[in-house]
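Asker: TSV, C-alpha atoms, file structure.tsv:
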chain	number	residue	atom	x	y	z
L	1	MET	CA	-25.19	-5.75	-28.13
L	2	VAL	CA	-28.00	-4.15	-30.14
L	3	PRO	CA	-25.79	-3.14	-33.12
L	4	ASN	CA	-24.23	-6.61	-33.16
L	5	VAL	CA	-27.58	-8.34	-33.29
L	6	ALA	CA	-29.07	-5.82	-35.74
L	7	PHE	CA	-26.13	-6.36	-38.09
L	8	SER	CA	-26.61	-10.10	-37.87
L	9	VAL	CA	-30.37	-10.00	-38.38
L	10	ILE	CA	-29.98	-7.84	-41.50
L	11	LEU	CA	-27.44	-10.27	-42.95
L	12	LEU	CA	-29.61	-13.27	-42.09
L	13	VAL	CA	-32.57	-11.72	-43.86
L	14	PHE	CA	-30.30	-10.96	-46.80
L	15	LEU	CA	-29.15	-14.59	-46.94
L	16	HIS	CA	-32.74	-15.77	-46.69
L	17	VAL	CA	-33.79	-13.60	-49.63
L	18	TYR	CA	-30.68	-14.34	-51.69
L	19	PRO	CA	-29.78	-17.98	-50.90
L	20	GLU	CA	-27.14	-18.02	-53.65
L	21	PHE	CA	-24.87	-16.07	-51.30
L	22	ARG	CA	-24.91	-18.87	-48.71
L	23	GLY	CA	-22.20	-21.48	-48.47
L	24	GLY	CA	-18.56	-20.88	-49.26
L	25	LEU	CA	-16.82	-19.25	-46.35
L	26	MET	CA	-19.82	-19.74	-44.06
L	27	GLU	CA	-19.64	-23.50	-44.50
L	28	LEU	CA	-16.00	-23.44	-43.46
L	29	LEU	CA	-16.74	-21.67	-40.20
L	30	TRP	CA	-18.06	-23.94	-37.52
L	31	PHE	CA	-17.81	-22.80	-33.94
L	32	LYS	CA	-18.80	-24.79	-30.91
L	33	GLY	CA	-18.58	-25.18	-27.15
L	34	ALA	CA	-16.05	-22.97	-25.44
L	35	PHE	CA	-15.62	-20.75	-28.46
L	36	PHE	CA	-19.26	-19.72	-28.17
L	37	VAL	CA	-18.54	-18.58	-24.62
L	38	ILE	CA	-15.56	-16.51	-25.80
L	39	ILE	CA	-17.75	-14.88	-28.44
L	40	LEU	CA	-20.41	-14.02	-25.89
L	41	VAL	CA	-17.82	-12.56	-23.54
L	42	CYS	CA	-16.48	-10.43	-26.40
L	43	VAL	CA	-20.00	-9.29	-27.24
L	44	HIS	CA	-20.60	-8.36	-23.63
L	45	PHE	CA	-17.26	-6.53	-23.44
L	46	LEU	CA	-18.00	-4.44	-26.49
L	47	SER	CA	-21.71	-4.13	-25.76
L	48	ALA	CA	-23.37	-1.36	-27.72
L	49	HIS	CA	-19.98	-0.24	-29.07
L	50	GLN	CA	-19.27	2.03	-26.12
L	51	TYR	CA	-16.03	3.19	-27.65
L	52	TYR	CA	-15.56	6.27	-25.49
L	53	PHE	CA	-15.53	4.13	-22.38
L	54	TYR	CA	-12.46	2.36	-23.72
L	55	TYR	CA	-10.90	5.53	-25.14
L	56	ASN	CA	-11.14	7.13	-21.71
L	57	LEU	CA	-9.32	4.14	-20.31
L	58	GLY	CA	-6.57	4.67	-22.88
L	59	CYS	CA	-7.47	1.96	-25.42
L	60	SER	CA	-6.58	2.57	-29.03
L	61	ARG	CA	-9.28	2.89	-31.69
L	62	ARG	CA	-6.94	1.03	-34.03
L	63	LEU	CA	-7.55	-1.98	-31.81
L	64	LEU	CA	-11.19	-1.35	-30.96
L	65	PHE	CA	-12.62	-0.86	-34.44
L	66	PRO	CA	-11.31	-4.13	-35.91
L	67	LEU	CA	-12.23	-5.93	-32.69
L	68	ALA	CA	-15.79	-4.61	-32.81
L	69	PHE	CA	-16.03	-5.58	-36.45
L	70	LEU	CA	-14.75	-9.04	-35.61
L	71	VAL	CA	-17.37	-9.34	-32.88
L	72	ASP	CA	-20.06	-8.38	-35.41
L	73	VAL	CA	-18.88	-11.09	-37.76
L	74	LEU	CA	-18.61	-13.69	-35.01
L	75	VAL	CA	-22.09	-12.95	-33.69
L	76	PHE	CA	-23.42	-13.24	-37.20
L	77	VAL	CA	-21.75	-16.60	-37.71
L	78	LEU	CA	-23.08	-17.81	-34.38
L	79	LEU	CA	-26.63	-16.77	-35.20
L	80	TYR	CA	-26.34	-18.09	-38.72
L	81	GLN	CA	-25.22	-21.50	-37.54
L	82	THR	CA	-28.03	-21.55	-34.98
L	83	VAL	CA	-30.85	-20.69	-37.34
L	84	LYS	CA	-29.42	-22.39	-40.45
L	85	PRO	CA	-31.61	-25.49	-40.08
L	86	TRP	CA	-34.71	-23.33	-40.37
L	87	LEU	CA	-33.54	-21.18	-43.27
E	1	MET	CA	8.72	28.14	-16.47
E	2	LYS	CA	6.42	26.13	-18.73
E	3	GLU	CA	2.72	26.71	-18.08
E	4	ASN	CA	0.49	23.70	-17.45
E	5	CYS	CA	-2.20	24.06	-20.08
E	6	LEU	CA	-4.09	22.39	-22.89
E	7	GLU	CA	-4.10	24.34	-26.14
E	8	ALA	CA	-5.74	23.84	-29.50
E	9	ASP	CA	-5.22	25.95	-32.60
E	10	GLY	CA	-4.69	25.69	-36.34
E	11	ILE	CA	-7.76	23.48	-36.58
E	12	LEU	CA	-9.43	23.14	-39.94
E	13	LEU	CA	-12.51	20.99	-40.33
E	14	SER	CA	-15.11	20.88	-43.06
E	15	TYR	CA	-17.96	18.57	-43.99
E	16	ASP	CA	-19.13	18.36	-47.61
E	17	HIS	CA	-17.08	21.45	-48.56
E	18	ARG	CA	-18.75	23.40	-45.74
E	19	SER	CA	-16.21	24.86	-43.37
E	20	ILE	CA	-17.06	24.03	-39.73
E	21	LEU	CA	-13.90	25.04	-37.89
E	22	SER	CA	-11.39	27.42	-39.39
E	23	ASN	CA	-9.90	29.84	-36.92
E	24	ILE	CA	-9.66	28.25	-33.51
E	25	TYR	CA	-7.66	29.10	-30.45
E	26	LEU	CA	-8.59	27.52	-27.18
E	27	LYS	CA	-6.48	27.40	-24.05
E	28	CYS	CA	-7.26	25.84	-20.68
E	29	ARG	CA	-4.91	26.11	-17.72
E	30	HIS	CA	-4.81	23.89	-14.66
E	31	GLY	CA	-7.48	24.85	-12.17
E	32	GLU	CA	-9.47	26.68	-14.83
E	33	ILE	CA	-12.94	25.95	-16.21
E	34	VAL	CA	-13.47	27.14	-19.77
E	35	GLY	CA	-17.05	27.38	-21.07
E	36	LEU	CA	-17.51	26.67	-24.75
E	37	LEU	CA	-20.78	28.03	-26.11
E	38	GLY	CA	-22.26	28.01	-29.58
E	39	ARG	CA	-25.37	27.23	-31.55
E	40	ASN	CA	-26.33	23.72	-32.64
E	41	GLY	CA	-24.10	22.41	-35.38
E	42	CYS	CA	-21.43	25.08	-34.93
E	43	GLY	CA	-18.76	22.46	-34.26
E	44	LYS	CA	-18.44	22.36	-30.44
E	45	SER	CA	-18.55	18.58	-30.22
E	46	SER	CA	-16.27	18.23	-33.23
E	47	LEU	CA	-13.76	20.59	-31.64
E	48	LEU	CA	-13.76	18.56	-28.40
E	49	LYS	CA	-13.38	15.31	-30.36
E	50	ILE	CA	-10.44	16.76	-32.31
E	51	MET	CA	-8.82	17.87	-29.05
E	52	PHE	CA	-9.36	14.40	-27.60
E	53	GLY	CA	-8.00	12.85	-30.80
E	54	VAL	CA	-10.88	10.71	-32.06
E	55	LEU	CA	-11.74	13.04	-34.93
E	56	ARG	CA	-9.21	14.23	-37.46
E	57	GLY	CA	-9.61	17.58	-39.15
E	58	GLU	CA	-7.78	18.73	-42.26
E	59	CYS	CA	-5.17	20.00	-39.84
E	60	GLN	CA	-4.92	20.49	-36.11
E	61	SER	CA	-2.48	21.37	-33.41
E	62	VAL	CA	-3.25	20.12	-29.92
E	63	ARG	CA	-0.65	20.72	-27.22
E	64	VAL	CA	-0.39	19.73	-23.59
E	65	ASP	CA	2.09	21.74	-21.54
E	66	GLY	CA	3.62	22.93	-24.80
E	67	ARG	CA	4.08	19.43	-26.18
E	68	TYR	CA	2.28	18.42	-29.38
E	69	VAL	CA	-0.03	15.46	-28.73
E	70	TYR	CA	-2.22	13.89	-31.39
E	71	PRO	CA	-4.21	11.79	-30.96
E	72	ALA	CA	-4.20	13.10	-27.42
E	73	TYR	CA	-6.03	10.21	-25.76
E	74	ARG	CA	-3.28	7.83	-26.91
E	75	HIS	CA	-0.23	10.00	-26.31
E	76	TYR	CA	-1.40	11.71	-23.16
E	77	PRO	CA	-3.45	9.54	-20.78
E	78	GLY	CA	-4.32	12.55	-18.64
E	79	ILE	CA	-7.04	13.73	-21.01
E	80	LYS	CA	-10.61	12.38	-20.85
E	81	LEU	CA	-13.74	13.16	-22.84
E	82	LEU	CA	-17.35	13.02	-21.72
E	83	PRO	CA	-19.16	12.53	-25.03
E	84	GLN	CA	-22.67	13.86	-25.68
E	85	HIS	CA	-24.16	10.41	-25.30
E	86	SER	CA	-23.71	8.05	-22.40
E	87	PHE	CA	-20.46	6.10	-22.62
E	88	LEU	CA	-20.81	3.50	-19.87
E	89	PRO	CA	-21.63	-0.05	-20.96
E	90	GLU	CA	-25.09	-0.98	-19.66
E	91	GLY	CA	-24.15	-4.18	-17.89
E	92	LEU	CA	-21.25	-2.73	-15.94
E	93	ARG	CA	-21.65	-2.19	-12.21
E	94	VAL	CA	-20.90	1.24	-10.79
E	95	LYS	CA	-18.27	-0.23	-8.44
E	96	ASP	CA	-16.47	-1.91	-11.36
E	97	ALA	CA	-16.50	1.29	-13.41
E	98	TYR	CA	-15.15	3.18	-10.41
E	99	GLY	CA	-12.43	0.57	-9.97
E	100	LEU	CA	-11.38	1.05	-13.61
E	101	PHE	CA	-11.37	4.84	-13.59
E	102	ALA	CA	-10.12	5.53	-10.09
E	103	ALA	CA	-7.35	2.94	-10.18
E	104	GLY	CA	-5.29	2.99	-7.00
E	105	LYS	CA	-7.95	4.76	-5.00
E	106	GLY	CA	-10.81	2.48	-5.99
E	107	HIS	CA	-12.23	1.87	-2.53
E	108	GLU	CA	-15.86	2.67	-1.87
E	109	SER	CA	-15.12	4.97	1.05
E	110	GLY	CA	-13.09	7.27	-1.22
E	111	ALA	CA	-15.87	7.67	-3.75
E	112	ALA	CA	-18.35	10.53	-4.00
E	113	PRO	CA	-21.64	9.93	-2.11
E	114	GLU	CA	-23.57	9.60	-5.39
E	115	ILE	CA	-21.31	6.70	-6.39
E	116	GLN	CA	-21.44	5.07	-2.95
E	117	GLN	CA	-25.25	5.12	-2.97
E	118	ARG	CA	-25.31	3.22	-6.27
E	119	TRP	CA	-22.22	1.12	-5.64
E	120	ASN	CA	-23.73	-2.28	-6.56
E	121	MET	CA	-26.08	-1.10	-9.27
E	122	ALA	CA	-25.61	-1.81	-12.97
E	123	THR	CA	-25.22	1.39	-14.96
E	124	GLY	CA	-28.11	0.27	-17.17
E	125	ASP	CA	-30.45	0.47	-14.17
E	126	LEU	CA	-29.62	4.13	-13.47
E	127	SER	CA	-31.85	6.95	-14.66
E	128	GLY	CA	-30.48	9.22	-17.40
E	129	GLY	CA	-29.62	11.95	-14.92
E	130	GLU	CA	-27.99	9.61	-12.40
E	131	LYS	CA	-25.93	8.02	-15.15
E	132	ARG	CA	-24.73	11.38	-16.44
E	133	LEU	CA	-23.76	12.49	-12.96
E	134	ILE	CA	-21.92	9.22	-12.29
E	135	GLU	CA	-20.06	9.53	-15.61
E	136	VAL	CA	-18.75	12.98	-14.71
E	137	LEU	CA	-17.82	11.77	-11.22
E	138	LEU	CA	-15.90	8.83	-12.68
E	139	LEU	CA	-13.91	11.13	-14.94
E	140	LEU	CA	-13.23	13.46	-12.02
E	141	ALA	CA	-12.12	10.51	-9.88
E	142	SER	CA	-9.61	9.47	-12.55
E	143	ASP	CA	-6.08	10.82	-12.80
E	144	ALA	CA	-7.14	13.11	-15.64
E	145	GLN	CA	-5.39	16.46	-15.84
E	146	TYR	CA	-7.75	17.79	-18.50
E	147	LEU	CA	-11.44	17.03	-18.88
E	148	LEU	CA	-13.47	17.77	-21.99
E	149	LEU	CA	-17.13	17.72	-21.00
E	150	ASP	CA	-19.60	17.74	-23.88
E	151	GLU	CA	-23.04	18.71	-22.58
E	152	PRO	CA	-22.59	17.44	-19.01
E	153	PHE	CA	-25.92	18.95	-17.91
E	154	THR	CA	-27.98	16.94	-20.41
E	155	HIS	CA	-30.67	14.79	-18.72
E	156	LEU	CA	-29.95	16.41	-15.35
E	157	ALA	CA	-32.68	17.90	-13.19
E	158	PRO	CA	-31.93	21.42	-11.88
E	159	VAL	CA	-31.06	20.04	-8.44
E	160	GLN	CA	-28.59	17.62	-10.04
E	161	ILE	CA	-27.07	20.42	-12.14
E	162	GLU	CA	-26.54	22.47	-8.99
E	163	ARG	CA	-24.90	19.47	-7.33
E	164	LEU	CA	-22.69	18.89	-10.37
E	165	ILE	CA	-21.62	22.54	-10.38
E	166	GLN	CA	-20.69	22.20	-6.72
E	167	ILE	CA	-18.69	19.04	-7.49
E	168	LEU	CA	-16.87	20.70	-10.40
E	169	GLN	CA	-16.00	23.70	-8.24
E	170	THR	CA	-14.65	21.44	-5.50
E	171	ASN	CA	-12.62	19.20	-7.83
E	172	ARG	CA	-11.20	21.79	-10.20
E	173	THR	CA	-7.86	22.04	-8.40
E	174	GLY	CA	-5.10	20.51	-10.48
E	175	LYS	CA	-7.38	19.92	-13.46
E	176	GLY	CA	-8.26	21.95	-16.50
E	177	ILE	CA	-11.88	21.59	-17.60
E	178	ILE	CA	-13.43	22.59	-20.92
E	179	LEU	CA	-17.19	22.42	-20.71
E	180	SER	CA	-19.66	22.79	-23.56
E	181	ASP	CA	-23.36	23.06	-22.85
E	182	HIS	CA	-26.46	24.93	-24.02
E	183	GLN	CA	-27.48	25.72	-20.43
E	184	TYR	CA	-25.63	29.02	-20.48
E	185	ARG	CA	-27.34	30.23	-17.30
E	186	TYR	CA	-25.39	27.57	-15.41
E	187	VAL	CA	-22.25	27.80	-17.54
E	188	LEU	CA	-21.66	31.55	-17.20
E	189	PRO	CA	-21.19	31.77	-13.41
E	190	LEU	CA	-19.25	28.49	-13.27
E	191	CYS	CA	-16.56	29.29	-15.83
E	192	ASP	CA	-13.45	31.44	-15.56
E	193	GLN	CA	-13.37	31.98	-19.28
E	194	ILE	CA	-16.16	31.92	-21.86
E	195	VAL	CA	-15.50	31.20	-25.51
E	196	LEU	CA	-18.17	31.42	-28.18
E	197	LEU	CA	-17.83	29.32	-31.29
E	198	ARG	CA	-19.27	31.31	-34.17
E	199	ASN	CA	-18.81	30.91	-37.92
E	200	GLY	CA	-16.03	28.41	-37.29
E	201	ARG	CA	-14.08	30.83	-35.11
E	202	THR	CA	-13.54	31.13	-31.39
E	203	VAL	CA	-14.51	34.46	-29.89
E	204	ALA	CA	-13.39	35.22	-26.33
E	205	VAL	CA	-16.34	36.63	-24.39
E	206	LYS	CA	-15.28	39.08	-21.68
E	207	ASP	CA	-18.74	40.25	-20.70
E	208	PRO	CA	-21.90	38.07	-20.86
E	209	GLN	CA	-23.68	41.00	-22.57
E	210	GLU	CA	-21.49	40.30	-25.61
E	211	LEU	CA	-23.46	37.07	-26.11
E	212	VAL	CA	-26.47	39.20	-27.02
E	213	ALA	CA	-24.44	41.35	-29.42
E	214	LEU	CA	-22.97	38.21	-30.99
E	215	GLY	CA	-26.43	36.76	-31.56
E	216	TYR	CA	-26.08	33.74	-29.29
E	217	ILE	CA	-28.97	34.79	-27.06
E	218	ASN	CA	-31.71	37.40	-27.45
E	219	GLU	CA	-31.40	38.85	-24.00
E	220	LEU	CA	-29.57	38.18	-20.78
E	221	ASP	CA	-31.72	37.29	-17.75
Show me, as structure tokens, the structure contained in the file I just sent.
Answerer:
Amino acid sequence: MVPNVAFSVILLVFLHVYPEFRGGLMELLWFKGAFFVIILVCVHFLSAHQYYFYYNLGCSRRLLFPLAFLVDVLVFVLLYQTVKPWL
Amino acid sequence: MKENCLEADGILLSYDHRSILSNIYLKCRHGEIVGLLGRNGCGKSSLLKIMFGVLRGECQSVRVDGRYVYPAYRHYPGIKLLPQHSFLPEGLRVKDAYGLFAAGKGHESGAAPEIQQRWNMATGDLSGGEKRLIEVLLLLASDAQYLLLDEPFTHLAPVQIERLIQILQTNRTGKGIILSDHQYRYVLPLCDQIVLLRNGRTVAVKDPQELVALGYINELD
């Protein structure tokens, strides 16, 4: 969870300092309701990027790395949409 | 008859043009505990990661029962790695972790007493030592044939280390264990075979006194 949030906070600060990078793709992404729940479940599942836990259970890193990256992006989008009114 | 063993050789690894591993041969048979010693930064953790398959060297040969497996954790589910850091997600309950690792025998009564005592606790609420002990117990409870334990004694109090040694001795049957730790006083009597990693090479240590001659320790207690 911590890396996910840290990643998001850094990007949010970046977007606050450089507003010209806002918009575009971000405006196209709009998640609500049940999708938020799915995101949070994913975040919980991959909390703190405990890769070795999943490796030891036989999961492939080819699956885990992109999934973790996706979770980072989704958490960022979620936070961005939440705090956008105050940016 | 083919021997049940985990072998690693032909491993080349370098970082920033600095050779870390160059001349490696490591073999662990079923029922055997191999102690891997070496100074900080000599490549012990990297070697274990290469054997497990999550780190790729310039070249490597990892074989289980004579069969080439790389990455091992994907092609051979019977190999597990205890990394240096804790690997259990914080929010997971001990009973759920046990259910995942000890599939098929995941009932509380079959678990080690240390797991039973913390059955309903979240792993995040355990102390560092308790968590480490539980992690090793989970790997031992799994169907793993080979365990790679990277610093299993870290965070453990002496009494917990003694308990862990007892557990490893009891559960070694049918498993091959490679154990790397700086606590050589505990490692030496526990292991059947000691290997020192030095200048990127593995050196088989027949007599603990050789560790002094090889510059790993100043004197033997």
Asker: I'd like the contact shell of Met121 of chain E - 7 Å cut-off, only C-alpha atoms, skipping same-chain residues fewer than 4 positions apart - returned as a list in words.
Answerer: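 What passes the distance filter is Arg93, Val94 and Asp125 of chain E.
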Asker: For chain L, work out the contacting residues on chain E at 12 Å, counting only C-alpha atoms, and write them as a VMD selection string.
Answerer: chain E and resid 49 52 to 55 71 to 92 97 to 103 124 135 to 136 138 to 140 142 to 144 146 to 148
Asker: For Ile115 of chain E, which residue among E:Glu7, E:Asp16, E:Asp150, E:Glu130 is the nearest when counting all atoms listed in the file?
Answerer: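 Among the listed residues, E:Glu130 lies closest to Ile115 of chain E.
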Asker: Can you tell me how far atom CA of Ile167 of chain E sits from atom CA of Ala111 of chain E, in Å to one decimal?
Answerer: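 That distance, rounded to one decimal, is 12.3 Å.
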Asker: With all atoms listed in the file as the basis for distance, which of E:Ala213, E:Val64, E:Cys28, E:Cys5 is at the shortest distance from Asp192 of chain E?
Answerer: E:Cys28
Asker: What does the distance from atom CA of Leu197 of chain E to atom CA of Leu211 of chain E come to in Å, to one decimal?
Answerer: 10.9 Å
Asker: Report, as AutoDock Vina command-line options, the centre and edge lengths in Å (one decimal) of the axis-aligned box enclosing every listed atom of segment 150-157 of chain E, padded by 4 Å on each side.
Answerer:
--center_x -26.1 --center_y 16.9 --center_z -18.5 --size_x 21.1 --size_y 12.2 --size_z 18.7
